[in-house]
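**Q** Have a look at this one.
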Protein chains: 2
Amino acid sequence: MLRGLKLYDCQYSGNCYKVRLLLHQLGRSFDRVEVDVKGGGTRTPAFLKLNPVGKVPLLDLGGGRRLSESNAILLYMAEGSPFLPTDSFERAKVYQWLFWEQYSHEPCIAVARHLMRVLGKTPSEEPRLAELWEKGRQALEVMQAHLASRAFLSGGRYSVADIALYAYTHVAHEGGFGLSAYPAIRAWLERVAQQPRHIPIDHVFR
Amino acid sequence: MLRGLKLYDCQYSGNCYKVRLLLHQLGRSFDRVEVDVKGGGTRTPAFLKLNPVGKVPLLDLGGGRRLSESNAILLYMAEGSPFLPTDSFERAKVYQWLFWEQYSHEPCIAVARHLMRVLGKTPSEEPRLAELWEKGRQALEVMQAHLASRAFLSGGRYSVADIALYAYTHVAHEGGFGLSAYPAIRAWLERVAQQPRHIPIDHVFR
């Protein structure tokens, strides 16, 4: 018998949205626990016992098995599905995009969005924003160049690499990034949003 | 016929060392191309054509296939070897540690080492160091707590998760981190260094 999945979640987090989107597209039901990240809900002793790193998303698989790091959850849950290539090199390219997302994309594009949208900072209040915009622009240029000749990031089809990069790219404007200079990214965002069983970041599960 | 592997490499880089260590432990021979990272060798038009992200390590597999992101290279090359668990959950935990390393460990511990060892900065010259030390300390505490009851990071045996975390942890002192408060980390570093075919970061391939 499959145990129920429980997702420790945060509605506005792009990292959490990745997991909700994949689980929904896989047709997997799950219980959601909304964690008040801004209010310190990931730093309580009870939560740190579940995830010593103190972050969401955290997926409880049952039987004491819990998994953190959004892109690790994507790889684990997508195993054997059409969302992870079977060809070993195309699969490795998915790995490459997932690590690139966490090292070179999320730390600028998601962090700028967090400062502006979640914490309500303006550029004059937050000098880090200028640096984040410059680094984020470099990341968007890498995506633009790659997607200029491809429909999806790896393997010629929609995969967890697209889910991972979509999560914060489609809300990049909330961090002050314009996408007008990146037509290939905008076309790709539309293709991702047209995938079967796509849900928006603010989709509320009932 | 297996094509020869070519590694675009940097001797002092922990991310590159991960790849050299795994390839050597797998018994795979490879050609090395030392790239002058400090001198801008990853930002030349010729290199950016090979890797648009402008970073080493970059592994050329032959036939126009190239892979970047150190931990993606580890996962790809370790497939089917004893360095990647076959159990799906233990394998997912390896993914988790690899993403954690790139998001929560490398950006503080490797960056502090880069500032001090490669660029020769002192704390008074580089105010970022204090923040990096605080974040790095948090990362080391996560490792200490995890390794206090385990010999290796995942699956009860040495894996690419250990290779990835060893790379910058064993030279953390070069970035100003002391490990005296972390006995479980020190014991684990010794276990990793005692693995068959271990090579140090400064091992020179002939």
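Identifiers in this document derive from the order of the structure tokens: chains are assigned A, B, ..., residues are numbered from 1 separately in each chain, and ligands are numbered from 1 in order of occurrence.
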Once DSSP has gone over the backbone, tell me which residues of segment 28-137 of chain B are in helix (DSSP H, G or I), as a VMD selection string.
**A** chain B and resid 45 to 50 70 to 78 88 to 118 128 to 137
**Q** List the neighbours of segment 70-79 of chain B out to 6 Å using only C-alpha atoms; skip same-chain residues closer than 4 positions along the sequence, and give me the result as an NGL selection string.
**A** (:A and (92 or 95-96)) or (:B and (15 or 83-84))
**Q** Would you write out those residues with N, CA and C atoms, as a PDB file, in the first residue's frame?
**A**
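What follows is the written file out.pdb:
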ATOM      1  N   ALA A  92      21.662  13.380 -17.582  1.00  0.00           N
ATOM      2  CA  ALA A  92      22.752  14.147 -16.964  1.00  0.00           C
ATOM      3  C   ALA A  92      22.584  15.637 -17.232  1.00  0.00           C
ATOM      4  N   TYR A  95      20.286  16.925 -14.711  1.00  0.00           N
ATOM      5  CA  TYR A  95      21.049  17.187 -13.479  1.00  0.00           C
ATOM      6  C   TYR A  95      21.761  18.537 -13.592  1.00  0.00           C
ATOM      7  N   GLN A  96      22.439  18.745 -14.727  1.00  0.00           N
ATOM      8  CA  GLN A  96      23.219  19.971 -14.914  1.00  0.00           C
ATOM      9  C   GLN A  96      22.341  21.211 -14.739  1.00  0.00           C
TER      10      GLN A  96
ATOM     11  N   ASN B  15      35.633  22.035  -6.577  1.00  0.00           N
ATOM     12  CA  ASN B  15      34.637  21.481  -7.498  1.00  0.00           C
ATOM     13  C   ASN B  15      35.297  20.602  -8.561  1.00  0.00           C
ATOM     14  N   PHE B  83      29.531   3.894  -6.065  1.00  0.00           N
ATOM     15  CA  PHE B  83      29.533   5.235  -5.478  1.00  0.00           C
ATOM     16  C   PHE B  83      28.172   5.927  -5.544  1.00  0.00           C
ATOM     17  N   LEU B  84      27.163   5.216  -6.055  1.00  0.00           N
ATOM     18  CA  LEU B  84      25.801   5.757  -6.111  1.00  0.00           C
ATOM     19  C   LEU B  84      24.847   4.648  -5.671  1.00  0.00           C
TER      20      LEU B  84
END
**Q** Find, counting only C-alpha atoms, the residue in A:Pro45, A:Pro107, A:Gly40, A:Gly64 that gets nearest to chain B.
**A**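 Nearest candidate to chain B out of A:Pro45, A:Pro107, A:Gly40, A:Gly64: A:Pro107.
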**Q** Write out as JSON, numbers by chain each polymer residue whose atoms come within 8 Å of segment 193-205 of chain A, counting only C-alpha atoms; drop sequence neighbours fewer than 4 positions from it.
**A** {"A": [11, 12, 14, 17, 21, 24, 25, 167, 189]}
**Q** Identify, on the basis of only C-alpha atoms, every residue whose closest approach to Val53 of chain A does not exceed 10 Å; exclude the query and any residue fewer than 5 positions from it along the same chain; express the result as an mmCIF file with C-alpha atoms, in the first residue's frame.
**A**
data_model
loop_
_atom_site.group_PDB
_atom_site.id
_atom_site.type_symbol
_atom_site.label_atom_id
_atom_site.label_comp_id
_atom_site.auth_asym_id
_atom_site.auth_seq_id
_atom_site.Cartn_x
_atom_site.Cartn_y
_atom_site.Cartn_z
ATOM 1 C CA THR A 42 10.988 26.607 9.662
ATOM 2 C CA ARG A 43 13.212 27.501 12.636
ATOM 3 C CA PHE A 47 10.367 21.715 12.473
ATOM 4 C CA LEU A 48 14.157 21.440 12.857
ATOM 5 C CA SER A 68 14.388 18.026 1.476
ATOM 6 C CA GLU A 69 15.962 20.154 -1.281
ATOM 7 C CA TRP B 100 22.550 21.104 -0.140
ATOM 8 C CA SER B 104 24.261 25.914 1.656
ATOM 9 C CA GLN B 138 25.700 26.626 10.316
ATOM 10 C CA ALA B 139 26.543 24.248 7.455
ATOM 11 C CA GLU B 141 26.811 22.068 12.377
ATOM 12 C CA VAL B 142 24.358 20.306 10.057
ATOM 13 C CA MET B 143 27.136 17.932 8.956
#
**Q** Give me the residues near His170 of chain A as a CSV table (one decimal) with C-alpha atoms, in the first residue's frame, where near means some atom within 12 Å (using only C-alpha atoms) and where sequence neighbours in that chain fewer than 5 positions away do not count.
**A**
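The result, written out as result-v6.csv:
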chain,number,residue,atom,x,y,z
A,14,GLY,CA,8.9,28.9,-6.0
A,17,TYR,CA,5.7,25.3,-6.2
A,18,LYS,CA,8.1,23.0,-8.1
A,109,ILE,CA,16.4,35.7,-9.1
A,110,ALA,CA,14.5,34.1,-6.2
A,113,ARG,CA,11.9,38.5,-5.5
A,140,LEU,CA,18.6,34.8,-18.0
A,162,ASP,CA,11.8,22.9,-17.0
A,163,ILE,CA,9.7,22.7,-13.8
A,164,ALA,CA,12.7,23.8,-11.8
A,165,LEU,CA,13.6,26.7,-14.0
A,175,GLY,CA,12.0,40.7,-8.3
A,177,PHE,CA,13.5,41.5,-13.8
A,178,GLY,CA,12.1,42.4,-17.2
A,179,LEU,CA,11.8,39.6,-19.7
A,185,ILE,CA,12.4,32.5,-22.5
A,186,ARG,CA,8.9,34.1,-22.9
A,187,ALA,CA,8.0,31.5,-25.6
A,188,TRP,CA,9.3,28.7,-23.4
A,189,LEU,CA,7.3,30.0,-20.4
A,190,GLU,CA,4.2,29.7,-22.5
A,191,ARG,CA,5.0,26.2,-23.6
A,192,VAL,CA,5.6,25.1,-20.0
A,193,ALA,CA,2.3,26.7,-18.9
A,200,PRO,CA,-0.2,28.2,-11.3
A,201,ILE,CA,1.9,29.0,-8.2
**Q** Can you measure atom CA of Glu34 of chain A to atom CA of Asp9 of chain A for me? One decimal in Å is fine.
**A**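 Result for atom CA of Glu34 of chain A versus atom CA of Asp9 of chain A: 4.9 Å, one decimal.
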**Q** Out of A:Gly4, A:Pro52, A:Gly63, A:Gly39, which residue has the shortest atom-to-atom distance to chain B when counting only C-alpha atoms?
**A**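 Using only C-alpha atoms, the shortest distance to chain B belongs to A:Pro52.
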**Q** Which of segment 38-155 of chain B counts as strand (DSSP E) under DSSP, as a ChimeraX atom specification please?
**A** /B:58-62,65-68
**Q** Excluding Leu115 of chain B and any residue of its chain fewer than 3 positions from it, enumerate the residues within 10 Å of it, using only C-alpha atoms, and give them as an NGL selection string.
**A** :B and (110-112 or 118-123 or 126 or 128-129 or 174-175)
**Q** Could you write out that same residue set with N, CA and C atoms as a PDB file, in the first residue's frame?
**A**
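Just written: selection.pdb:
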ATOM      1  N   ALA B 110      33.475  27.404   0.395  1.00  0.00           N
ATOM      2  CA  ALA B 110      34.395  27.524  -0.745  1.00  0.00           C
ATOM      3  C   ALA B 110      34.685  28.982  -1.066  1.00  0.00           C
ATOM      4  N   VAL B 111      33.685  29.842  -0.913  1.00  0.00           N
ATOM      5  CA  VAL B 111      33.890  31.251  -1.262  1.00  0.00           C
ATOM      6  C   VAL B 111      34.841  31.922  -0.264  1.00  0.00           C
ATOM      7  N   ALA B 112      34.704  31.595   1.036  1.00  0.00           N
ATOM      8  CA  ALA B 112      35.650  32.139   2.028  1.00  0.00           C
ATOM      9  C   ALA B 112      37.074  31.686   1.705  1.00  0.00           C
ATOM     10  N   VAL B 118      42.956  32.079  -2.514  1.00  0.00           N
ATOM     11  CA  VAL B 118      43.245  32.365  -3.925  1.00  0.00           C
ATOM     12  C   VAL B 118      43.489  33.861  -4.127  1.00  0.00           C
ATOM     13  N   LEU B 119      42.628  34.693  -3.516  1.00  0.00           N
ATOM     14  CA  LEU B 119      42.778  36.135  -3.717  1.00  0.00           C
ATOM     15  C   LEU B 119      43.607  36.812  -2.625  1.00  0.00           C
ATOM     16  N   GLY B 120      43.931  36.066  -1.552  1.00  0.00           N
ATOM     17  CA  GLY B 120      44.819  36.605  -0.515  1.00  0.00           C
ATOM     18  C   GLY B 120      44.228  37.723   0.330  1.00  0.00           C
ATOM     19  N   LYS B 121      42.901  37.723   0.488  1.00  0.00           N
ATOM     20  CA  LYS B 121      42.250  38.790   1.264  1.00  0.00           C
ATOM     21  C   LYS B 121      42.319  38.502   2.763  1.00  0.00           C
ATOM     22  N   THR B 122      42.401  39.559   3.553  1.00  0.00           N
ATOM     23  CA  THR B 122      42.312  39.431   5.008  1.00  0.00           C
ATOM     24  C   THR B 122      40.904  39.870   5.436  1.00  0.00           C
ATOM     25  N   PRO B 123      40.491  39.464   6.661  1.00  0.00           N
ATOM     26  CA  PRO B 123      39.145  39.868   7.125  1.00  0.00           C
ATOM     27  C   PRO B 123      38.947  41.377   7.126  1.00  0.00           C
ATOM     28  N   GLU B 126      38.117  42.377   3.599  1.00  0.00           N
ATOM     29  CA  GLU B 126      36.963  41.734   2.977  1.00  0.00           C
ATOM     30  C   GLU B 126      35.854  41.522   4.014  1.00  0.00           C
ATOM     31  N   ARG B 128      32.893  40.685   3.700  1.00  0.00           N
ATOM     32  CA  ARG B 128      31.994  39.546   3.482  1.00  0.00           C
ATOM     33  C   ARG B 128      32.396  38.319   4.290  1.00  0.00           C
ATOM     34  N   LEU B 129      33.685  38.250   4.692  1.00  0.00           N
ATOM     35  CA  LEU B 129      34.162  37.036   5.356  1.00  0.00           C
ATOM     36  C   LEU B 129      33.387  36.729   6.639  1.00  0.00           C
ATOM     37  N   GLU B 174      41.503  26.612   5.143  1.00  0.00           N
ATOM     38  CA  GLU B 174      42.104  27.617   4.251  1.00  0.00           C
ATOM     39  C   GLU B 174      41.184  28.824   4.064  1.00  0.00           C
ATOM     40  N   GLY B 175      39.921  28.680   4.482  1.00  0.00           N
ATOM     41  CA  GLY B 175      38.982  29.791   4.450  1.00  0.00           C
ATOM     42  C   GLY B 175      38.701  30.342   5.837  1.00  0.00           C
TER      43      GLY B 175
END
**Q** Name the closest residue to Glu106 of chain A among the candidates A:Phe152, A:Tyr182, A:Tyr168, A:Tyr158; distances are taken between atoms, counting only C-alpha atoms.
**A**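 Smallest distance to Glu106 of chain A is found for A:Tyr168.
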**Q** Nearest to chain A: which of B:Cys108, B:Ala148, B:Leu22, B:Leu98 is it, counting only C-alpha atoms?
**A**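 That would be B:Leu98, the residue with the smallest distance to chain A.
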**Q** Report, in Å with one decimal, the straight-line distance from atom CA of Arg28 of chain B to atom CA of Val56 of chain B.
**A** 19.0 Å
**Q** What does the distance between atom CA of Tyr166 of chain A and atom CA of Leu61 of chain A come to in Å, to one decimal place?
**A** 24.8 Å
